[in-house]
>>> print(open('final_6.cif').read())   # mmCIF, N, CA and C atoms
data_query
loop_
_atom_site.group_PDB
_atom_site.id
_atom_site.type_symbol
_atom_site.label_atom_id
_atom_site.label_comp_id
_atom_site.auth_asym_id
_atom_site.auth_seq_id
_atom_site.Cartn_x
_atom_site.Cartn_y
_atom_site.Cartn_z
ATOM 1 N N ILE A 28 58.706 -46.713 206.959
ATOM 2 C CA ILE A 28 59.447 -47.636 207.796
ATOM 3 C C ILE A 28 58.664 -47.922 209.069
ATOM 4 N N LYS A 29 58.180 -46.865 209.698
ATOM 5 C CA LYS A 29 57.497 -47.025 210.978
ATOM 6 C C LYS A 29 56.166 -47.761 210.853
ATOM 7 N N GLN A 30 55.617 -47.806 209.669
ATOM 8 C CA GLN A 30 54.350 -48.500 209.464
ATOM 9 C C GLN A 30 54.556 -49.971 209.120
ATOM 10 N N ASN A 31 55.812 -50.401 209.012
ATOM 11 C CA ASN A 31 56.107 -51.783 208.628
ATOM 12 C C ASN A 31 57.064 -52.449 209.607
ATOM 13 N N THR A 32 56.759 -52.325 210.875
ATOM 14 C CA THR A 32 57.613 -52.856 211.939
ATOM 15 C C THR A 32 57.869 -54.351 211.780
ATOM 16 N N GLU A 33 56.925 -55.069 211.248
ATOM 17 C CA GLU A 33 57.076 -56.521 211.122
ATOM 18 C C GLU A 33 58.231 -56.915 210.213
ATOM 19 N N PHE A 34 58.676 -56.000 209.347
ATOM 20 C CA PHE A 34 59.791 -56.296 208.444
ATOM 21 C C PHE A 34 61.153 -55.951 209.051
ATOM 22 N N ILE A 35 61.158 -55.328 210.211
ATOM 23 C CA ILE A 35 62.404 -54.924 210.861
ATOM 24 C C ILE A 35 62.928 -56.102 211.680
ATOM 25 N N ASN A 36 63.922 -56.789 211.124
ATOM 26 C CA ASN A 36 64.569 -57.852 211.890
ATOM 27 C C ASN A 36 65.885 -57.300 212.458
ATOM 28 N N GLU A 37 66.620 -58.132 213.175
ATOM 29 C CA GLU A 37 67.831 -57.659 213.845
ATOM 30 C C GLU A 37 68.853 -57.120 212.850
ATOM 31 N N ARG A 38 69.068 -57.827 211.752
ATOM 32 C CA ARG A 38 70.055 -57.403 210.751
ATOM 33 C C ARG A 38 69.683 -56.051 210.148
ATOM 34 N N ILE A 39 68.437 -55.881 209.780
ATOM 35 C CA ILE A 39 67.979 -54.617 209.199
ATOM 36 C C ILE A 39 68.125 -53.488 210.204
ATOM 37 N N CYS A 40 67.758 -53.755 211.437
ATOM 38 C CA CYS A 40 67.862 -52.739 212.482
ATOM 39 C C CYS A 40 69.316 -52.304 212.673
ATOM 40 N N ILE A 41 70.236 -53.266 212.722
ATOM 41 C CA ILE A 41 71.651 -52.952 212.897
ATOM 42 C C ILE A 41 72.187 -52.139 211.728
ATOM 43 N N VAL A 42 71.833 -52.514 210.517
ATOM 44 C CA VAL A 42 72.297 -51.772 209.337
ATOM 45 C C VAL A 42 71.774 -50.334 209.365
ATOM 46 N N MET A 43 70.505 -50.174 209.717
ATOM 47 C CA MET A 43 69.931 -48.832 209.772
ATOM 48 C C MET A 43 70.584 -48.001 210.869
ATOM 49 N N LEU A 44 70.788 -48.589 212.046
ATOM 50 C CA LEU A 44 71.445 -47.862 213.131
ATOM 51 C C LEU A 44 72.890 -47.516 212.769
ATOM 52 N N ARG A 45 73.575 -48.430 212.109
ATOM 53 C CA ARG A 45 74.949 -48.166 211.663
ATOM 54 C C ARG A 45 74.988 -46.974 210.712
ATOM 55 N N ASP A 46 74.084 -46.972 209.755
ATOM 56 C CA ASP A 46 74.054 -45.885 208.774
ATOM 57 C C ASP A 46 73.687 -44.546 209.419
ATOM 58 N N ILE A 47 72.742 -44.561 210.330
ATOM 59 C CA ILE A 47 72.355 -43.321 211.011
ATOM 60 C C ILE A 47 73.502 -42.822 211.880
ATOM 61 N N THR A 48 74.170 -43.735 212.574
ATOM 62 C CA THR A 48 75.320 -43.352 213.399
ATOM 63 C C THR A 48 76.412 -42.729 212.533
ATOM 64 N N ARG A 49 76.667 -43.310 211.378
ATOM 65 C CA ARG A 49 77.664 -42.772 210.443
ATOM 66 C C ARG A 49 77.266 -41.368 209.970
ATOM 67 N N TYR A 50 75.995 -41.190 209.652
ATOM 68 C CA TYR A 50 75.488 -39.872 209.246
ATOM 69 C C TYR A 50 75.707 -38.844 210.353
ATOM 70 N N ILE A 51 75.360 -39.207 211.599
ATOM 71 C CA ILE A 51 75.498 -38.276 212.722
ATOM 72 C C ILE A 51 76.966 -37.888 212.911
ATOM 73 N N GLU A 52 77.859 -38.874 212.819
ATOM 74 C CA GLU A 52 79.291 -38.585 212.953
ATOM 75 C C GLU A 52 79.768 -37.674 211.820
ATOM 76 N N ASP A 53 79.337 -37.956 210.603
ATOM 77 C CA ASP A 53 79.716 -37.116 209.459
ATOM 78 C C ASP A 53 79.190 -35.695 209.629
ATOM 79 N N ARG A 54 78.007 -35.563 210.155
ATOM 80 C CA ARG A 54 77.438 -34.225 210.374
ATOM 81 C C ARG A 54 78.227 -33.473 211.436
ATOM 82 N N LYS A 55 78.598 -34.161 212.511
ATOM 83 C CA LYS A 55 79.401 -33.531 213.565
ATOM 84 C C LYS A 55 80.763 -33.087 213.051
ATOM 85 N N ASN A 56 81.315 -33.847 212.106
ATOM 86 C CA ASN A 56 82.628 -33.542 211.552
ATOM 87 C C ASN A 56 82.580 -32.593 210.355
ATOM 88 N N GLY A 57 81.389 -32.114 210.003
ATOM 89 C CA GLY A 57 81.247 -31.158 208.912
ATOM 90 C C GLY A 57 81.241 -31.767 207.524
ATOM 91 N N ILE A 58 81.233 -33.092 207.439
ATOM 92 C CA ILE A 58 81.213 -33.764 206.138
ATOM 93 C C ILE A 58 79.812 -33.709 205.537
ATOM 94 N N GLU A 59 78.823 -33.905 206.373
ATOM 95 C CA GLU A 59 77.410 -33.858 205.950
ATOM 96 C C GLU A 59 76.830 -32.522 206.368
ATOM 97 N N LYS A 60 76.236 -31.821 205.413
ATOM 98 C CA LYS A 60 75.618 -30.536 205.714
ATOM 99 C C LYS A 60 74.165 -30.586 205.243
ATOM 100 N N ASP A 61 73.262 -30.394 206.180
ATOM 101 C CA ASP A 61 71.847 -30.392 205.853
ATOM 102 C C ASP A 61 71.101 -29.538 206.869
ATOM 103 N N ASP A 62 69.811 -29.489 206.711
ATOM 104 C CA ASP A 62 68.980 -28.678 207.602
ATOM 105 C C ASP A 62 68.742 -29.401 208.922
ATOM 106 N N ASP A 63 68.438 -28.626 209.943
ATOM 107 C CA ASP A 63 68.145 -29.202 211.254
ATOM 108 C C ASP A 63 66.939 -30.125 211.213
ATOM 109 N N CYS A 64 65.975 -29.831 210.350
ATOM 110 C CA CYS A 64 64.795 -30.698 210.264
ATOM 111 C C CYS A 64 65.190 -32.093 209.777
ATOM 112 N N ASP A 65 66.160 -32.181 208.861
ATOM 113 C CA ASP A 65 66.646 -33.483 208.408
ATOM 114 C C ASP A 65 67.341 -34.214 209.547
ATOM 115 N N TYR A 66 68.206 -33.503 210.241
ATOM 116 C CA TYR A 66 68.938 -34.077 211.373
ATOM 117 C C TYR A 66 67.964 -34.588 212.434
ATOM 118 N N ASN A 67 66.973 -33.797 212.758
ATOM 119 C CA ASN A 67 65.981 -34.190 213.763
ATOM 120 C C ASN A 67 65.170 -35.407 213.318
ATOM 121 N N SER A 68 64.907 -35.510 212.033
ATOM 122 C CA SER A 68 64.189 -36.678 211.510
ATOM 123 C C SER A 68 65.013 -37.948 211.687
ATOM 124 N N TRP A 69 66.307 -37.862 211.414
ATOM 125 C CA TRP A 69 67.189 -39.020 211.591
ATOM 126 C C TRP A 69 67.310 -39.397 213.054
ATOM 127 N N LEU A 70 67.404 -38.399 213.930
ATOM 128 C CA LEU A 70 67.460 -38.690 215.363
ATOM 129 C C LEU A 70 66.176 -39.363 215.828
ATOM 130 N N SER A 71 65.054 -38.917 215.327
ATOM 131 C CA SER A 71 63.763 -39.517 215.667
ATOM 132 C C SER A 71 63.711 -40.975 215.212
ATOM 133 N N LEU A 72 64.174 -41.233 214.003
ATOM 134 C CA LEU A 72 64.195 -42.604 213.494
ATOM 135 C C LEU A 72 65.145 -43.464 214.331
ATOM 136 N N GLN A 73 66.286 -42.910 214.709
ATOM 137 C CA GLN A 73 67.236 -43.636 215.544
ATOM 138 C C GLN A 73 66.583 -44.026 216.882
ATOM 139 N N THR A 74 65.914 -43.096 217.518
ATOM 140 C CA THR A 74 65.234 -43.374 218.784
ATOM 141 C C THR A 74 64.178 -44.451 218.598
ATOM 142 N N TRP A 75 63.416 -44.351 217.537
ATOM 143 C CA TRP A 75 62.387 -45.336 217.234
ATOM 144 C C TRP A 75 63.015 -46.716 217.054
ATOM 145 N N LEU A 76 64.140 -46.791 216.333
ATOM 146 C CA LEU A 76 64.821 -48.066 216.120
ATOM 147 C C LEU A 76 65.342 -48.648 217.432
ATOM 148 N N PHE A 77 65.871 -47.786 218.309
ATOM 149 C CA PHE A 77 66.309 -48.271 219.617
ATOM 150 C C PHE A 77 65.137 -48.876 220.380
ATOM 151 N N ASN A 78 63.984 -48.250 220.314
ATOM 152 C CA ASN A 78 62.803 -48.773 221.004
ATOM 153 C C ASN A 78 62.346 -50.099 220.409
ATOM 154 N N ILE A 79 62.373 -50.213 219.089
ATOM 155 C CA ILE A 79 62.015 -51.471 218.426
ATOM 156 C C ILE A 79 63.000 -52.566 218.829
ATOM 157 N N ALA A 80 64.292 -52.230 218.824
ATOM 158 C CA ALA A 80 65.330 -53.210 219.187
ATOM 159 C C ALA A 80 65.128 -53.703 220.621
ATOM 160 N N LYS A 81 64.795 -52.802 221.500
ATOM 161 C CA LYS A 81 64.563 -53.182 222.896
ATOM 162 C C LYS A 81 63.339 -54.101 222.995
ATOM 163 N N LYS A 82 62.278 -53.711 222.303
ATOM 164 C CA LYS A 82 61.044 -54.490 222.335
ATOM 165 C C LYS A 82 61.247 -55.894 221.759
ATOM 166 N N LYS A 83 62.029 -55.983 220.667
ATOM 167 C CA LYS A 83 62.249 -57.272 220.009
ATOM 168 C C LYS A 83 63.487 -58.002 220.534
ATOM 169 N N LYS A 84 64.164 -57.387 221.532
ATOM 170 C CA LYS A 84 65.341 -57.984 222.169
ATOM 171 C C LYS A 84 66.479 -58.234 221.174
ATOM 172 N N PHE A 85 66.739 -57.248 220.319
ATOM 173 C CA PHE A 85 67.863 -57.330 219.388
ATOM 174 C C PHE A 85 69.152 -56.981 220.118
ATOM 175 N N ASN A 86 70.250 -57.557 219.674
ATOM 176 C CA ASN A 86 71.557 -57.263 220.237
ATOM 177 C C ASN A 86 72.182 -56.098 219.456
ATOM 178 N N ILE A 87 72.022 -54.884 219.980
ATOM 179 C CA ILE A 87 72.531 -53.687 219.297
ATOM 180 C C ILE A 87 73.548 -52.957 220.162
ATOM 181 N N VAL A 88 74.255 -53.690 221.007
ATOM 182 C CA VAL A 88 75.169 -53.096 221.970
ATOM 183 C C VAL A 88 76.149 -52.141 221.301
ATOM 184 N N GLY A 89 76.708 -52.486 220.167
ATOM 185 C CA GLY A 89 77.692 -51.658 219.489
ATOM 186 C C GLY A 89 77.126 -50.411 218.822
ATOM 187 N N TYR A 90 75.816 -50.265 218.840
ATOM 188 C CA TYR A 90 75.183 -49.146 218.134
ATOM 189 C C TYR A 90 74.441 -48.199 219.065
ATOM 190 N N MET A 91 74.733 -48.282 220.347
ATOM 191 C CA MET A 91 74.076 -47.369 221.285
ATOM 192 C C MET A 91 74.533 -45.942 221.027
ATOM 193 N N ARG A 92 73.689 -45.033 221.373
ATOM 194 C CA ARG A 92 73.929 -43.607 221.142
ATOM 195 C C ARG A 92 75.257 -43.157 221.724
ATOM 196 N N ARG A 93 76.015 -42.367 220.973
ATOM 197 C CA ARG A 93 77.309 -41.856 221.425
ATOM 198 C C ARG A 93 77.219 -40.424 221.828
#
>>> encode(input="final_6.cif", output="structure tokens")
Amino acid sequence: IKQNTEFINERICIVMLRDITRYIEDRKNGIEKDDDCDYNSWLSLQTWLFNIAKKKKFNIVGYMRR
């Protein structure tokens, strides 16, 4: 994903952030159980997506970190 930034448009970014946010909420609520390394990888991708969104001026207001 990180090597193909040119394919990340606003819609794709929003869908990915939505899915990651849902995963994080499920993990906090005990629905998703995985290793910390998996969780940290998703957080890293989320941060990267926020940076891409900022750089490309995407409207991701509803998907900011909670």
>>> select_by_dssp(input="final_6.cif", residues="region 36-80 of chain A", states="helix (DSSP H, G or I)", output="ChimeraX atom specification")
/A:37-55,63-80
>>> closest_residue(input="final_6.cif", among="A:Asn36, A:Ile28, A:Tyr66, A:Lys81", to="Ile51 (chain A)", atoms="only N, CA and C atoms")
A:Tyr66
>>> atom_distance(input="final_6.cif", atom1="atom C of Glu33 (chain A)", atom2="atom C of Glu52 (chain A)")
28.9 Å
>>> resolve_selection(input="final_6.cif", expression="the PyMOL selection byres (((chain A and resi 50 and name CA) around 12) and name CA)", output="list in words")
Met43, Leu44, Arg45, Asp46, Ile47, Thr48, Arg49, Ile51, Glu52, Asp53, Arg54, Lys55, Asn56, Gly57, Ile58, Glu59, Lys60, Asp61, Asp65, Tyr66, Asn67, Ser68, Trp69, Leu70 and Gln73 of chain A
>>> atom_distance(input="final_6.cif", atom1="CA of Phe77 (chain A)", atom2="CA of Cys64 (chain A)")
20.0 Å
>>> atom_distance(input="final_6.cif", atom1="CA of Arg38 (chain A)", atom2="CA of Ser71 (chain A)")
19.6 Å
>>> resolve_selection(input="final_6.cif", expression="the PyMOL selection byres (((chain A and resi 86 and name CA) around 12) and name CA)", output="MDAnalysis selection string")
chainID A and resid 36:41 44 77 79:85 87:91
>>> axis_aligned_box(input="final_6.cif", around="region 66-78 of chain A", padding_each_side="5 Å", output="AutoDock Vina command-line options")
--center_x 65.6 --center_y -41.8 --center_z 215.6 --size_x 16.6 --size_y 26.6 --size_z 20.8
>>> decode(input="final_6.cif", residues="region 41-71 of chain A", atoms="N, CA, C and O atoms", output="CSV table (one decimal), in the first residue's frame")
chain,number,residue,atom,x,y,z
A,41,ILE,N,-10.7,7.1,2.7
A,41,ILE,CA,-11.8,7.1,3.7
A,41,ILE,C,-12.2,5.6,4.0
A,41,ILE,O,-12.5,5.3,5.2
A,42,VAL,N,-12.3,4.8,3.0
A,42,VAL,CA,-12.7,3.4,3.3
A,42,VAL,C,-11.7,2.7,4.2
A,42,VAL,O,-12.0,2.0,5.1
A,43,MET,N,-10.4,2.9,3.9
A,43,MET,CA,-9.4,2.3,4.7
A,43,MET,C,-9.4,2.8,6.1
A,43,MET,O,-9.3,2.0,7.1
A,44,LEU,N,-9.5,4.1,6.3
A,44,LEU,CA,-9.6,4.7,7.6
A,44,LEU,C,-10.8,4.2,8.4
A,44,LEU,O,-10.8,3.9,9.6
A,45,ARG,N,-11.9,4.1,7.7
A,45,ARG,CA,-13.2,3.6,8.3
A,45,ARG,C,-13.0,2.2,8.8
A,45,ARG,O,-13.3,1.8,10.0
A,46,ASP,N,-12.4,1.3,8.0
A,46,ASP,CA,-12.1,-0.1,8.4
A,46,ASP,C,-11.1,-0.2,9.5
A,46,ASP,O,-11.3,-1.0,10.4
A,47,ILE,N,-10.1,0.6,9.5
A,47,ILE,CA,-9.1,0.6,10.6
A,47,ILE,C,-9.7,1.1,11.9
A,47,ILE,O,-9.5,0.5,13.0
A,48,THR,N,-10.5,2.1,11.8
A,48,THR,CA,-11.2,2.7,13.0
A,48,THR,C,-12.2,1.6,13.6
A,48,THR,O,-12.2,1.4,14.8
A,49,ARG,N,-12.9,0.9,12.7
A,49,ARG,CA,-13.8,-0.2,13.2
A,49,ARG,C,-13.0,-1.3,13.8
A,49,ARG,O,-13.4,-1.8,14.9
A,50,TYR,N,-11.8,-1.7,13.3
A,50,TYR,CA,-11.0,-2.7,13.9
A,50,TYR,C,-10.5,-2.2,15.3
A,50,TYR,O,-10.5,-3.0,16.2
A,51,ILE,N,-10.1,-1.0,15.4
A,51,ILE,CA,-9.6,-0.5,16.7
A,51,ILE,C,-10.7,-0.5,17.7
A,51,ILE,O,-10.5,-0.9,18.9
A,52,GLU,N,-11.9,-0.1,17.3
A,52,GLU,CA,-13.0,-0.1,18.2
A,52,GLU,C,-13.3,-1.6,18.6
A,52,GLU,O,-13.6,-1.9,19.8
A,53,ASP,N,-13.3,-2.5,17.7
A,53,ASP,CA,-13.6,-3.9,18.0
A,53,ASP,C,-12.6,-4.5,18.9
A,53,ASP,O,-12.9,-5.2,19.8
A,54,ARG,N,-11.3,-4.1,18.7
A,54,ARG,CA,-10.2,-4.6,19.6
A,54,ARG,C,-10.4,-4.0,21.0
A,54,ARG,O,-10.3,-4.8,22.0
A,55,LYS,N,-10.8,-2.8,21.1
A,55,LYS,CA,-11.0,-2.2,22.5
A,55,LYS,C,-12.2,-2.8,23.2
A,55,LYS,O,-12.1,-2.9,24.4
A,56,ASN,N,-13.2,-3.3,22.4
A,56,ASN,CA,-14.3,-3.9,23.0
A,56,ASN,C,-14.2,-5.4,23.2
A,56,ASN,O,-15.1,-6.1,23.6
A,57,GLY,N,-13.0,-6.0,22.8
A,57,GLY,CA,-12.8,-7.4,23.0
A,57,GLY,C,-13.3,-8.3,21.9
A,57,GLY,O,-13.3,-9.5,22.0
A,58,ILE,N,-13.9,-7.7,20.9
A,58,ILE,CA,-14.4,-8.5,19.8
A,58,ILE,C,-13.3,-9.0,18.9
A,58,ILE,O,-13.3,-10.1,18.4
A,59,GLU,N,-12.3,-8.2,18.7
A,59,GLU,CA,-11.1,-8.6,17.9
A,59,GLU,C,-9.9,-8.9,18.8
A,59,GLU,O,-9.6,-8.1,19.7
A,60,LYS,N,-9.4,-10.1,18.7
A,60,LYS,CA,-8.2,-10.4,19.5
A,60,LYS,C,-7.1,-10.8,18.6
A,60,LYS,O,-7.2,-11.7,17.8
A,61,ASP,N,-6.0,-10.1,18.8
A,61,ASP,CA,-4.8,-10.4,18.0
A,61,ASP,C,-3.5,-9.9,18.8
A,61,ASP,O,-3.6,-9.5,19.9
A,62,ASP,N,-2.4,-10.1,18.2
A,62,ASP,CA,-1.2,-9.7,18.8
A,62,ASP,C,-0.9,-8.2,18.8
A,62,ASP,O,-1.4,-7.5,17.9
A,63,ASP,N,-0.1,-7.7,19.7
A,63,ASP,CA,0.2,-6.3,19.7
A,63,ASP,C,0.9,-5.9,18.4
A,63,ASP,O,0.7,-4.8,17.9
A,64,CYS,N,1.7,-6.8,17.8
A,64,CYS,CA,2.4,-6.4,16.6
A,64,CYS,C,1.4,-6.1,15.5
A,64,CYS,O,1.6,-5.2,14.6
A,65,ASP,N,0.3,-6.9,15.4
A,65,ASP,CA,-0.8,-6.6,14.4
A,65,ASP,C,-1.4,-5.3,14.7
A,65,ASP,O,-1.6,-4.4,13.8
A,66,TYR,N,-1.8,-5.0,15.9
A,66,TYR,CA,-2.4,-3.8,16.3
A,66,TYR,C,-1.5,-2.6,16.0
A,66,TYR,O,-1.9,-1.6,15.4
A,67,ASN,N,-0.2,-2.7,16.3
A,67,ASN,CA,0.8,-1.6,16.0
A,67,ASN,C,0.9,-1.4,14.5
A,67,ASN,O,1.1,-0.3,14.1
A,68,SER,N,0.8,-2.5,13.7
A,68,SER,CA,0.9,-2.3,12.3
A,68,SER,C,-0.3,-1.5,11.7
A,68,SER,O,-0.2,-0.7,10.9
A,69,TRP,N,-1.5,-1.8,12.3
A,69,TRP,CA,-2.7,-1.1,11.8
A,69,TRP,C,-2.6,0.4,12.3
A,69,TRP,O,-3.0,1.3,11.5
A,70,LEU,N,-2.1,0.6,13.5
A,70,LEU,CA,-2.0,2.0,13.9
A,70,LEU,C,-1.0,2.8,13.0
A,70,LEU,O,-1.2,3.9,12.7
A,71,SER,N,0.1,2.1,12.6
A,71,SER,CA,1.1,2.7,11.7
A,71,SER,C,0.5,3.0,10.4
A,71,SER,O,0.7,4.1,9.8
